[in-house]
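Peer 1: Data file upload.cif (mmCIF, C-alpha atoms) is appended below.
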data_start
loop_
_atom_site.group_PDB
_atom_site.id
_atom_site.type_symbol
_atom_site.label_atom_id
_atom_site.label_comp_id
_atom_site.auth_asym_id
_atom_site.auth_seq_id
_atom_site.Cartn_x
_atom_site.Cartn_y
_atom_site.Cartn_z
ATOM 1 C CA MET A 1 -63.074 -21.465 8.781
ATOM 2 C CA PRO A 2 -64.344 -17.873 8.973
ATOM 3 C CA CYS A 3 -62.898 -15.436 6.478
ATOM 4 C CA SER A 4 -61.327 -13.259 9.204
ATOM 5 C CA LEU A 5 -59.484 -16.243 10.680
ATOM 6 C CA THR A 6 -58.284 -17.279 7.256
ATOM 7 C CA PHE A 7 -57.020 -13.772 6.544
ATOM 8 C CA ASN A 8 -55.198 -13.582 9.899
ATOM 9 C CA PHE A 9 -53.594 -16.964 9.279
ATOM 10 C CA ILE A 10 -52.406 -15.942 5.824
ATOM 11 C CA ASN A 11 -51.143 -12.598 7.108
ATOM 12 C CA ARG A 12 -49.177 -14.245 9.922
ATOM 13 C CA PHE A 13 -47.745 -16.847 7.570
ATOM 14 C CA TYR A 14 -46.675 -14.103 5.166
ATOM 15 C CA ASN A 15 -44.996 -12.102 7.951
ATOM 16 C CA PHE A 16 -43.229 -15.189 9.251
ATOM 17 C CA SER A 17 -42.014 -16.094 5.750
ATOM 18 C CA LEU A 18 -40.792 -12.539 5.212
ATOM 19 C CA ILE A 19 -38.810 -12.647 8.452
ATOM 20 C CA ILE A 20 -37.211 -15.955 7.458
ATOM 21 C CA PHE A 21 -36.320 -14.560 4.027
ATOM 22 C CA ILE A 22 -34.721 -11.429 5.514
ATOM 23 C CA PHE A 23 -32.762 -13.536 7.991
ATOM 24 C CA ILE A 24 -31.404 -15.804 5.244
ATOM 25 C CA PHE A 25 -30.557 -12.817 2.997
ATOM 26 C CA VAL A 26 -28.681 -10.973 5.753
ATOM 27 C CA SER A 27 -26.828 -14.130 6.758
ATOM 28 C CA GLN A 28 -25.704 -14.788 3.186
ATOM 29 C CA ALA A 29 -24.692 -11.169 2.673
ATOM 30 C CA SER A 30 -22.682 -11.219 5.900
ATOM 31 C CA TYR A 31 -20.994 -14.452 4.847
ATOM 32 C CA SER A 32 -20.170 -12.994 1.427
ATOM 33 C CA ILE A 33 -18.571 -9.919 2.984
ATOM 34 C CA LYS A 34 -16.540 -12.026 5.388
ATOM 35 C CA PHE A 35 -15.509 -14.368 2.552
ATOM 36 C CA PHE A 36 -14.388 -11.372 0.463
ATOM 37 C CA SER A 37 -12.448 -9.950 3.401
ATOM 38 C CA ARG A 38 -10.735 -13.229 4.202
ATOM 39 C CA ASN A 39 -9.770 -13.887 0.607
ATOM 40 C CA HIS A 40 -8.575 -10.407 -0.332
ATOM 41 C CA HIS A 41 -5.615 -8.754 1.366
ATOM 42 C CA HIS A 42 -7.321 -5.457 2.068
ATOM 43 C CA PRO A 43 -10.575 -4.488 0.340
ATOM 44 C CA LYS A 44 -10.199 -1.194 -1.518
ATOM 45 C CA MET A 45 -12.614 1.655 -2.144
ATOM 46 C CA LEU A 46 -12.377 4.181 -4.979
ATOM 47 C CA ILE A 47 -13.370 7.423 -3.267
ATOM 48 C CA LYS A 48 -12.710 10.065 -5.905
ATOM 49 C CA THR A 49 -11.384 10.957 -9.347
ATOM 50 C CA ILE A 50 -9.074 13.947 -9.406
ATOM 51 C CA PRO A 51 -7.818 15.994 -12.382
ATOM 52 C CA LEU A 52 -4.266 16.955 -13.179
ATOM 53 C CA PRO A 53 -3.150 20.322 -11.740
ATOM 54 C CA VAL A 54 -2.970 21.695 -15.292
ATOM 55 C CA SER A 55 -5.535 20.171 -17.637
ATOM 56 C CA ASN A 56 -4.075 17.914 -20.360
ATOM 57 C CA HIS A 57 -0.533 18.790 -19.300
ATOM 58 C CA PRO A 58 1.512 15.713 -18.340
ATOM 59 C CA ILE A 59 3.476 15.414 -15.112
ATOM 60 C CA ILE A 60 6.924 13.896 -15.780
ATOM 61 C CA LEU A 61 8.741 12.505 -12.725
ATOM 62 C CA PRO A 62 12.421 11.525 -12.747
ATOM 63 C CA ALA A 63 13.040 8.378 -10.685
ATOM 64 C CA THR A 64 15.914 8.742 -8.204
ATOM 65 C CA PRO A 65 17.562 6.147 -5.931
ATOM 66 C CA LEU A 66 15.655 5.490 -2.714
ATOM 67 C CA THR A 67 17.345 6.935 0.396
ATOM 68 C CA GLN A 68 16.114 7.468 3.934
ATOM 69 C CA THR A 69 16.821 11.199 3.777
ATOM 70 C CA ALA A 70 14.752 11.768 0.633
ATOM 71 C CA PHE A 71 11.958 9.422 1.694
ATOM 72 C CA SER A 72 11.631 10.503 5.352
ATOM 73 C CA PRO A 73 8.512 12.729 4.853
ATOM 74 C CA PHE A 74 6.638 9.652 3.627
ATOM 75 C CA GLY A 75 8.008 6.841 5.768
ATOM 76 C CA ASP A 76 11.113 4.775 6.378
ATOM 77 C CA VAL A 77 13.671 2.819 4.384
ATOM 78 C CA ILE A 78 14.841 -0.375 6.076
ATOM 79 C CA SER A 79 18.175 -1.892 5.117
ATOM 80 C CA ASN A 80 21.471 -3.036 6.568
ATOM 81 C CA PRO A 81 22.869 0.215 8.013
ATOM 82 C CA SER A 82 26.480 -0.982 7.804
ATOM 83 C CA PRO A 83 26.848 -3.723 5.175
ATOM 84 C CA GLN A 84 30.641 -3.492 5.226
ATOM 85 C CA ASN A 85 30.644 -4.819 8.800
ATOM 86 C CA THR A 86 29.990 -8.495 9.415
ATOM 87 C CA PRO A 87 29.806 -10.759 12.489
ATOM 88 C CA PHE A 88 33.032 -11.921 14.101
ATOM 89 C CA THR A 89 32.474 -15.481 12.935
ATOM 90 C CA THR A 90 32.594 -14.656 9.218
ATOM 91 C CA THR A 91 35.857 -15.092 7.354
ATOM 92 C CA ASN A 92 35.780 -11.569 5.929
ATOM 93 C CA ASN A 93 34.957 -9.874 9.204
ATOM 94 C CA ASN A 94 36.470 -6.395 9.390
ATOM 95 C CA ASN A 95 34.675 -5.038 12.433
ATOM 96 C CA ASN A 96 36.614 -5.117 15.683
ATOM 97 C CA ASP A 97 34.681 -2.397 17.506
ATOM 98 C CA ILE A 98 30.942 -3.001 17.467
ATOM 99 C CA SER A 99 30.336 0.030 19.692
ATOM 100 C CA SER A 100 30.994 2.275 16.690
ATOM 101 C CA LEU A 101 28.047 0.861 14.737
ATOM 102 C CA PRO A 102 24.661 2.702 14.617
ATOM 103 C CA PHE A 103 21.246 1.873 16.133
ATOM 104 C CA GLY A 104 22.697 0.454 19.349
ATOM 105 C CA ALA A 105 24.289 -2.480 17.557
ATOM 106 C CA SER A 106 25.057 -5.533 19.658
ATOM 107 C CA LEU A 107 26.241 -9.089 19.138
ATOM 108 C CA ALA A 108 23.564 -11.783 19.113
ATOM 109 C CA ASN A 109 23.244 -15.536 18.635
ATOM 110 C CA GLN A 110 26.504 -16.364 20.424
ATOM 111 C CA GLY A 111 28.428 -13.867 18.333
ATOM 112 C CA THR A 112 27.243 -15.146 14.956
ATOM 113 C CA ALA A 113 25.027 -12.108 14.255
ATOM 114 C CA ILE A 114 24.906 -8.351 14.657
ATOM 115 C CA ARG A 115 21.593 -6.962 15.906
ATOM 116 C CA TYR A 116 20.566 -3.397 15.079
ATOM 117 C CA GLY A 117 17.815 -2.284 17.456
ATOM 118 C CA ALA A 118 14.953 0.170 16.790
ATOM 119 C CA ILE A 119 15.969 0.633 13.169
ATOM 120 C CA ALA A 120 12.430 1.744 12.246
ATOM 121 C CA PRO A 121 9.050 2.246 13.976
ATOM 122 C CA SER A 122 6.745 -0.732 14.377
ATOM 123 C CA THR A 123 3.393 -0.980 12.570
ATOM 124 C CA SER A 124 1.082 1.960 13.266
ATOM 125 C CA ASN A 125 -2.492 1.066 14.200
ATOM 126 C CA LEU A 126 -4.592 4.233 14.394
ATOM 127 C CA TYR A 127 -8.011 2.611 13.888
ATOM 128 C CA PRO A 128 -10.478 4.379 16.210
ATOM 129 C CA SER A 129 -12.690 1.342 16.732
ATOM 130 C CA GLY A 130 -9.867 -0.893 17.895
ATOM 131 C CA ALA A 131 -11.260 -3.627 15.655
ATOM 132 C CA ALA A 132 -8.209 -3.841 13.380
ATOM 133 C CA THR A 133 -5.668 -6.617 13.761
ATOM 134 C CA PRO A 134 -2.050 -6.970 12.608
ATOM 135 C CA ARG A 135 -1.670 -8.766 9.274
ATOM 136 C CA ILE A 136 1.250 -10.419 7.489
ATOM 137 C CA SER A 137 0.654 -11.245 3.844
ATOM 138 C CA VAL A 138 2.632 -11.935 0.687
ATOM 139 C CA PHE A 139 2.370 -9.924 -2.547
ATOM 140 C CA ILE A 140 3.620 -11.502 -5.786
ATOM 141 C CA CYS A 141 4.175 -8.528 -8.115
ATOM 142 C CA GLY A 142 4.720 -9.172 -11.810
ATOM 143 C CA VAL A 143 7.639 -7.323 -13.375
ATOM 144 C CA ARG A 144 6.535 -4.582 -15.767
ATOM 145 C CA GLU A 145 7.758 -4.681 -19.334
ATOM 146 C CA GLU A 146 11.018 -2.818 -19.675
ATOM 147 C CA GLY A 147 10.731 0.707 -20.998
ATOM 148 C CA GLU A 148 11.778 4.243 -20.226
ATOM 149 C CA LYS A 149 8.455 5.359 -18.742
ATOM 150 C CA ILE A 150 5.584 4.087 -16.601
ATOM 151 C CA GLU A 151 2.177 5.743 -16.252
ATOM 152 C CA ILE A 152 0.629 6.237 -12.815
ATOM 153 C CA LYS A 153 -3.168 6.064 -12.932
ATOM 154 C CA ILE A 154 -4.073 5.276 -9.325
ATOM 155 C CA LEU A 155 -2.906 6.505 -5.932
ATOM 156 C CA GLU A 156 -3.994 4.897 -2.678
ATOM 157 C CA ARG A 157 -3.617 5.366 1.051
ATOM 158 C CA HIS A 158 -4.197 3.339 4.189
ATOM 159 C CA PRO A 159 -5.524 6.046 6.508
ATOM 160 C CA PHE A 160 -5.172 4.173 9.801
ATOM 161 C CA THR A 161 -2.125 1.955 9.318
ATOM 162 C CA SER A 162 1.442 2.019 8.136
ATOM 163 C CA GLN A 163 2.387 -0.553 5.503
ATOM 164 C CA THR A 164 5.781 -2.219 5.136
ATOM 165 C CA PHE A 165 6.959 -4.004 1.966
ATOM 166 C CA ILE A 166 9.876 -6.413 2.474
ATOM 167 C CA PRO A 167 11.231 -7.872 -0.795
ATOM 168 C CA LEU A 168 12.222 -11.527 -0.967
ATOM 169 C CA ALA A 169 15.057 -12.746 -3.221
ATOM 170 C CA GLY A 170 16.154 -9.282 -4.335
ATOM 171 C CA GLY A 171 14.841 -7.419 -7.345
ATOM 172 C CA LYS A 172 14.099 -3.775 -8.081
ATOM 173 C CA TYR A 173 10.890 -1.808 -7.633
ATOM 174 C CA LEU A 174 9.426 1.662 -8.032
ATOM 175 C CA VAL A 175 8.066 3.726 -5.146
ATOM 176 C CA VAL A 176 5.823 6.696 -6.026
ATOM 177 C CA VAL A 177 4.478 8.917 -3.235
ATOM 178 C CA ALA A 178 2.669 12.233 -2.798
ATOM 179 C CA PRO A 179 2.198 14.609 0.144
ATOM 180 C CA THR A 180 -1.304 15.136 1.505
ATOM 181 C CA SER A 181 -2.937 18.459 0.636
ATOM 182 C CA ASP A 182 -4.844 20.494 3.201
ATOM 183 C CA GLU A 183 -8.381 19.181 3.594
ATOM 184 C CA LYS A 184 -11.104 20.908 1.552
ATOM 185 C CA ASP A 185 -14.895 20.692 1.710
ATOM 186 C CA GLU A 186 -15.088 19.135 -1.752
ATOM 187 C CA ASP A 187 -12.763 16.302 -0.734
ATOM 188 C CA GLY A 188 -15.619 14.422 0.923
ATOM 189 C CA ASP A 189 -15.960 13.210 4.485
ATOM 190 C CA PHE A 190 -13.971 9.972 4.454
ATOM 191 C CA PRO A 191 -12.624 8.342 7.622
ATOM 192 C CA GLY A 192 -9.074 9.092 8.642
ATOM 193 C CA PRO A 193 -7.105 10.688 11.476
ATOM 194 C CA GLU A 194 -6.721 14.438 11.566
ATOM 195 C CA LYS A 195 -3.395 15.793 10.312
ATOM 196 C CA GLY A 196 -0.741 15.456 12.985
ATOM 197 C CA LYS A 197 -2.979 13.387 15.253
ATOM 198 C CA GLY A 198 -1.351 10.083 16.132
ATOM 199 C CA MET A 199 1.157 10.499 13.281
ATOM 200 C CA GLY A 200 -1.686 10.677 10.752
ATOM 201 C CA MET A 201 -1.136 12.477 7.447
ATOM 202 C CA GLY A 202 -4.583 14.115 7.342
ATOM 203 C CA LYS A 203 -7.720 13.582 5.262
ATOM 204 C CA GLY A 204 -6.837 15.720 2.225
ATOM 205 C CA MET A 205 -6.325 14.533 -1.336
ATOM 206 C CA PRO A 206 -2.836 13.883 -2.824
ATOM 207 C CA ASP A 207 -0.752 16.897 -3.781
ATOM 208 C CA LEU A 208 0.026 16.021 -7.407
ATOM 209 C CA LYS A 209 2.357 18.984 -7.818
ATOM 210 C CA ASN A 210 4.845 17.438 -5.378
ATOM 211 C CA LEU A 211 4.892 13.780 -6.381
ATOM 212 C CA LYS A 212 8.146 11.883 -5.877
ATOM 213 C CA ALA A 213 9.433 8.693 -7.515
ATOM 214 C CA PHE A 214 12.184 6.444 -6.169
ATOM 215 C CA ILE A 215 13.860 3.262 -7.365
ATOM 216 C CA ALA A 216 14.464 0.724 -4.593
ATOM 217 C CA ASN A 217 16.773 -2.261 -4.800
ATOM 218 C CA GLY A 218 16.123 -5.721 -3.399
ATOM 219 C CA ASN A 219 18.159 -4.986 -0.262
ATOM 220 C CA GLN A 220 15.737 -2.258 0.828
ATOM 221 C CA ALA A 221 12.367 -2.591 2.518
ATOM 222 C CA VAL A 222 10.041 0.398 2.620
ATOM 223 C CA THR A 223 7.422 1.541 5.136
ATOM 224 C CA TYR A 224 4.683 3.995 4.174
ATOM 225 C CA LYS A 225 3.471 6.101 7.076
ATOM 226 C CA ALA A 226 -0.226 5.792 7.892
ATOM 227 C CA GLY A 227 -2.209 7.841 5.380
ATOM 228 C CA THR A 228 0.633 8.312 2.879
ATOM 229 C CA TRP A 229 -0.601 8.542 -0.704
ATOM 230 C CA HIS A 230 1.329 6.106 -2.897
ATOM 231 C CA ALA A 231 1.059 4.203 -6.142
ATOM 232 C CA PRO A 232 0.368 0.467 -6.006
ATOM 233 C CA MET A 233 3.624 -1.477 -5.934
ATOM 234 C CA ILE A 234 5.464 -1.531 -9.284
ATOM 235 C CA ALA A 235 8.056 -4.270 -9.820
ATOM 236 C CA LEU A 236 10.820 -3.328 -12.253
ATOM 237 C CA ALA A 237 13.217 -6.289 -12.176
ATOM 238 C CA GLY A 238 13.022 -9.705 -10.555
ATOM 239 C CA GLY A 239 15.592 -11.132 -8.188
ATOM 240 C CA ASN A 240 17.580 -14.320 -8.675
ATOM 241 C CA ASP A 241 15.464 -17.382 -9.314
ATOM 242 C CA GLU A 242 15.864 -20.555 -7.283
ATOM 243 C CA GLY A 243 18.017 -23.333 -8.655
ATOM 244 C CA GLY A 244 21.511 -23.623 -10.050
ATOM 245 C CA GLU A 245 21.146 -21.133 -12.875
ATOM 246 C CA LYS A 246 21.085 -17.442 -12.011
ATOM 247 C CA LYS A 247 17.952 -16.581 -13.906
ATOM 248 C CA LYS A 248 15.969 -13.470 -13.124
ATOM 249 C CA LYS A 249 12.469 -14.031 -11.807
ATOM 250 C CA LYS A 250 9.489 -12.446 -13.513
ATOM 251 C CA THR A 251 8.172 -11.281 -10.148
ATOM 252 C CA VAL A 252 9.260 -9.381 -7.075
ATOM 253 C CA ASP A 253 7.815 -11.088 -4.020
ATOM 254 C CA PHE A 254 7.087 -9.055 -0.888
ATOM 255 C CA VAL A 255 6.174 -9.806 2.702
ATOM 256 C CA VAL A 256 3.700 -7.060 3.682
ATOM 257 C CA VAL A 257 3.060 -6.010 7.282
ATOM 258 C CA GLN A 258 0.140 -3.774 8.256
ATOM 259 C CA ALA A 259 -3.076 -3.613 10.279
ATOM 260 C CA ALA A 260 -6.573 -4.041 8.794
ATOM 261 C CA SER A 261 -10.216 -4.048 9.896
ATOM 262 C CA ASP A 262 -11.683 -5.541 6.665
ATOM 263 C CA VAL A 263 -13.795 -2.396 6.200
ATOM 264 C CA PRO A 264 -12.867 -1.151 2.704
ATOM 265 C CA VAL A 265 -13.143 2.595 3.324
ATOM 266 C CA GLU A 266 -11.002 2.247 6.467
ATOM 267 C CA ASP A 267 -8.376 -0.085 5.044
ATOM 268 C CA CYS A 268 -7.598 1.359 1.617
ATOM 269 C CA GLN A 269 -8.861 4.494 -0.147
ATOM 270 C CA GLU A 270 -8.057 5.005 -3.831
ATOM 271 C CA VAL A 271 -8.188 8.000 -6.158
ATOM 272 C CA GLU A 272 -8.081 7.800 -9.944
ATOM 273 C CA ILE A 273 -5.986 10.361 -11.833
ATOM 274 C CA ILE A 274 -7.714 11.786 -14.895
ATOM 275 C CA GLY A 275 -5.309 11.876 -17.828
ATOM 276 C CA GLU A 276 -5.550 10.891 -21.495
ATOM 277 C CA GLY A 277 -2.044 9.899 -22.531
ATOM 278 C CA GLU A 278 1.553 11.102 -22.495
ATOM 279 C CA GLY A 279 0.999 13.643 -25.258
ATOM 280 C CA GLU A 280 -2.101 15.156 -23.666
ATOM 281 C CA GLY A 281 -1.941 14.447 -19.957
ATOM 282 C CA GLY A 282 -1.244 11.891 -17.291
ATOM 283 C CA ILE A 283 1.451 11.182 -14.719
ATOM 284 C CA TRP A 284 4.576 9.485 -16.049
ATOM 285 C CA VAL A 285 7.725 8.233 -14.324
ATOM 286 C CA ARG A 286 10.898 8.330 -16.408
ATOM 287 C CA LEU A 287 13.161 5.352 -15.676
ATOM 288 C CA SER A 288 15.988 5.688 -18.196
ATOM 289 C CA GLU A 289 18.747 8.288 -18.086
ATOM 290 C CA GLU A 290 17.719 9.464 -21.542
ATOM 291 C CA GLY A 291 14.147 9.871 -20.342
ATOM 292 C CA GLU A 292 15.283 11.843 -17.303
ATOM 293 C CA ARG A 293 17.465 14.076 -19.493
ATOM 294 C CA ARG A 294 14.571 14.877 -21.825
ATOM 295 C CA ALA A 295 12.246 15.501 -18.898
ATOM 296 C CA LYS A 296 14.542 18.263 -17.666
ATOM 297 C CA LEU A 297 14.696 20.061 -21.039
#
Spit out the file's structure as structure tokens when you get a sec.

Peer 2:
Amino acid sequence: MPCSLTFNFINRFYNFSLIIFIFIFVSQASYSIKFFSRNHHHPKMLIKTIPLPVSNHPIILPATPLTQTAFSPFGDVISNPSPQNTPFTTTNNNNNDISSLPFGASLANQGTAIRYGAIAPSTSNLYPSGAATPRISVFICGVREEGEKIEIKILERHPFTSQTFIPLAGGKYLVVVAPTSDEKDEDGDFPGPEKGKGMGMGKGMPDLKNLKAFIANGNQAVTYKAGTWHAPMIALAGGNDEGGEKKKKKTVDFVVVQAASDVPVEDCQEVEIIGEGEGEGGIWVRLSEEGERRAKL
């Protein structure tokens, strides 16, 4: 076989082998990404580290009870709006005039239930591509060790979707939120709706000077508005365990409702807070009354 023919044959074989290799590599990479997306609730992406407003000076937050009025800039609190009123079929019913109840209350299920309509907005889906789908998942959050303070090291946001946490079996949990600062050039060009567009909170970083901390009980669900900066869920006390004995669980279990596209930078953006400890810096939430008293001194 002439040398030129041999060279052409080898060259074509090499090119063909290279194409096959690239095809296999891309296929495996695609499968790995899909596997990761399917087996993780929402992939996260650390987009930035941000310093404390005053270097090495701690931020101390008192934790207050969660109410709709206080939480309204960040989302909604979902709970029974009139727990003292019960359906007509219950033995302790004390409600004879359902028309006086809020949220357009009406009887349901042949009079065995009271339905409150439009108590909170449904899941926001602001994804521009339209590729996101509604998701229902379950979070099992381990209860933190009891103490008078908890450090906050990470804040996250879901720029294109609201996120609702619905506790199962009671419990108590901590909700930490921050407003969104005006967007700056140094923030980076990360995807997200413009401020005020489609109920979006904007693309800016968290405003650490105006952080808020709330303690929620197991009868309250919470919805973060799309783009709201918040700490990952922090369980403080478990609800009643199953079985005859009223033991407290070591977890708070949540049903979580949101939309997701399985693209990390679209689904969940994280920032890390730079701090070196309570004496020198960091963000701390005071849980005990004594801790709150000292924080105000």

Peer 1: Residues of segment 183-209 of chain A that approach segment 230-234 of chain A to 12 Å or less, counting all atoms listed in the file: could you list each one with the shortest pair of atoms and its distance in Å to one decimal, rows by chain and increasing residue number, as CSV?

Peer 2:
residue,atom,partner,partner_atom,distance
A:Met205,CA,A:His230,CA,11.5
A:Pro206,CA,A:His230,CA,8.8
A:Asp207,CA,A:His230,CA,11.0
A:Leu208,CA,A:His230,CA,11.0

Peer 1: Tell me which residues the PyMOL selection byres ((chain A and resi 154) around 9) grabs here, as a list in words.

Peer 2: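 Selected by the PyMOL selection byres ((chain A and resi 154) around 9) in this file: Ile152, Lys153, Leu155, Glu156, His230, Ala231, Pro232, Glu270, Val271, Glu272 and Ile273 of chain A.
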
Peer 1: Go ahead and dump the residues you just picked, C-alpha atoms, as a PDB file, keeping the file's coordinate frame.

Peer 2:
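Contents of selection07.pdb, as written:
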ATOM      1  CA  ILE A 152       0.629   6.237 -12.815  1.00  0.00           C
ATOM      2  CA  LYS A 153      -3.168   6.064 -12.932  1.00  0.00           C
ATOM      3  CA  LEU A 155      -2.906   6.505  -5.932  1.00  0.00           C
ATOM      4  CA  GLU A 156      -3.994   4.897  -2.678  1.00  0.00           C
ATOM      5  CA  HIS A 230       1.329   6.106  -2.897  1.00  0.00           C
ATOM      6  CA  ALA A 231       1.059   4.203  -6.142  1.00  0.00           C
ATOM      7  CA  PRO A 232       0.368   0.467  -6.006  1.00  0.00           C
ATOM      8  CA  GLU A 270      -8.057   5.005  -3.831  1.00  0.00           C
ATOM      9  CA  VAL A 271      -8.188   8.000  -6.158  1.00  0.00           C
ATOM     10  CA  GLU A 272      -8.081   7.800  -9.944  1.00  0.00           C
ATOM     11  CA  ILE A 273      -5.986  10.361 -11.833  1.00  0.00           C
TER      12      ILE A 273
END

Peer 1: Distance atom CA of Pro62 of chain A-atom CA of Cys268 of chain A, one decimal place?

Peer 2: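 Interatomic distance here is 26.7 Å.
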
Peer 1: How would you write, as an mmCIF file with C-alpha atoms, in the coordinates of the input, the residues chosen by the PyMOL selection byres ((chain A and resi 140) around 7) on this structure?

Peer 2:
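And here's selection17.cif as it stands now:
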data_model
loop_
_atom_site.group_PDB
_atom_site.id
_atom_site.type_symbol
_atom_site.label_atom_id
_atom_site.label_comp_id
_atom_site.auth_asym_id
_atom_site.auth_seq_id
_atom_site.Cartn_x
_atom_site.Cartn_y
_atom_site.Cartn_z
ATOM 1 C CA VAL A 138 2.632 -11.935 0.687
ATOM 2 C CA PHE A 139 2.370 -9.924 -2.547
ATOM 3 C CA CYS A 141 4.175 -8.528 -8.115
ATOM 4 C CA GLY A 142 4.720 -9.172 -11.810
ATOM 5 C CA THR A 251 8.172 -11.281 -10.148
ATOM 6 C CA VAL A 252 9.260 -9.381 -7.075
ATOM 7 C CA ASP A 253 7.815 -11.088 -4.020
ATOM 8 C CA PHE A 254 7.087 -9.055 -0.888
#

Peer 1: List the residues matched by the PyMOL selection byres ((chain A and resi 257) around 12) in the displayed structure as a ChimeraX atom specification, ordered by chain and then by residue number.

Peer 2: /A:41-42,122-125,133-139,161-167,221-224,254-256,258-260

Peer 1: With all atoms listed in the file as the counted atoms, please give the residues lying no more than 10 Å from Lys250 of chain A, apart from itself and same-chain residues fewer than 3 positions off, as number ranges by chain.

Peer 2: A: 140-145, 171, 235-241, 247, 253

Peer 1: At a cut-off of 12 Å, can you tabulate as a tab-separated table every residue of segment 183-240 of chain A near segment 71-75 of chain A together with its closest atom pair and the distance in Å to one decimal, using only C-alpha atoms and ordering rows by chain then number?

Peer 2:
residue	atom	partner	partner_atom	distance
A:Met199	CA	A:Gly75	CA	10.8
A:Gly200	CA	A:Phe74	CA	11.0
A:Met201	CA	A:Phe74	CA	9.1
A:Asn210	CA	A:Pro73	CA	11.8
A:Leu211	CA	A:Phe74	CA	11.0
A:Lys212	CA	A:Phe71	CA	8.8
A:Ala213	CA	A:Phe71	CA	9.6
A:Phe214	CA	A:Phe71	CA	8.4
A:Ile215	CA	A:Phe71	CA	11.1
A:Ala216	CA	A:Phe71	CA	11.0
A:Ala221	CA	A:Gly75	CA	10.9
A:Val222	CA	A:Gly75	CA	7.5
A:Thr223	CA	A:Gly75	CA	5.4
A:Tyr224	CA	A:Gly75	CA	4.7
A:Lys225	CA	A:Gly75	CA	4.8
A:Ala226	CA	A:Gly75	CA	8.6
A:Gly227	CA	A:Phe74	CA	9.2
A:Thr228	CA	A:Phe74	CA	6.2
A:Trp229	CA	A:Phe74	CA	8.5
A:His230	CA	A:Phe74	CA	9.1
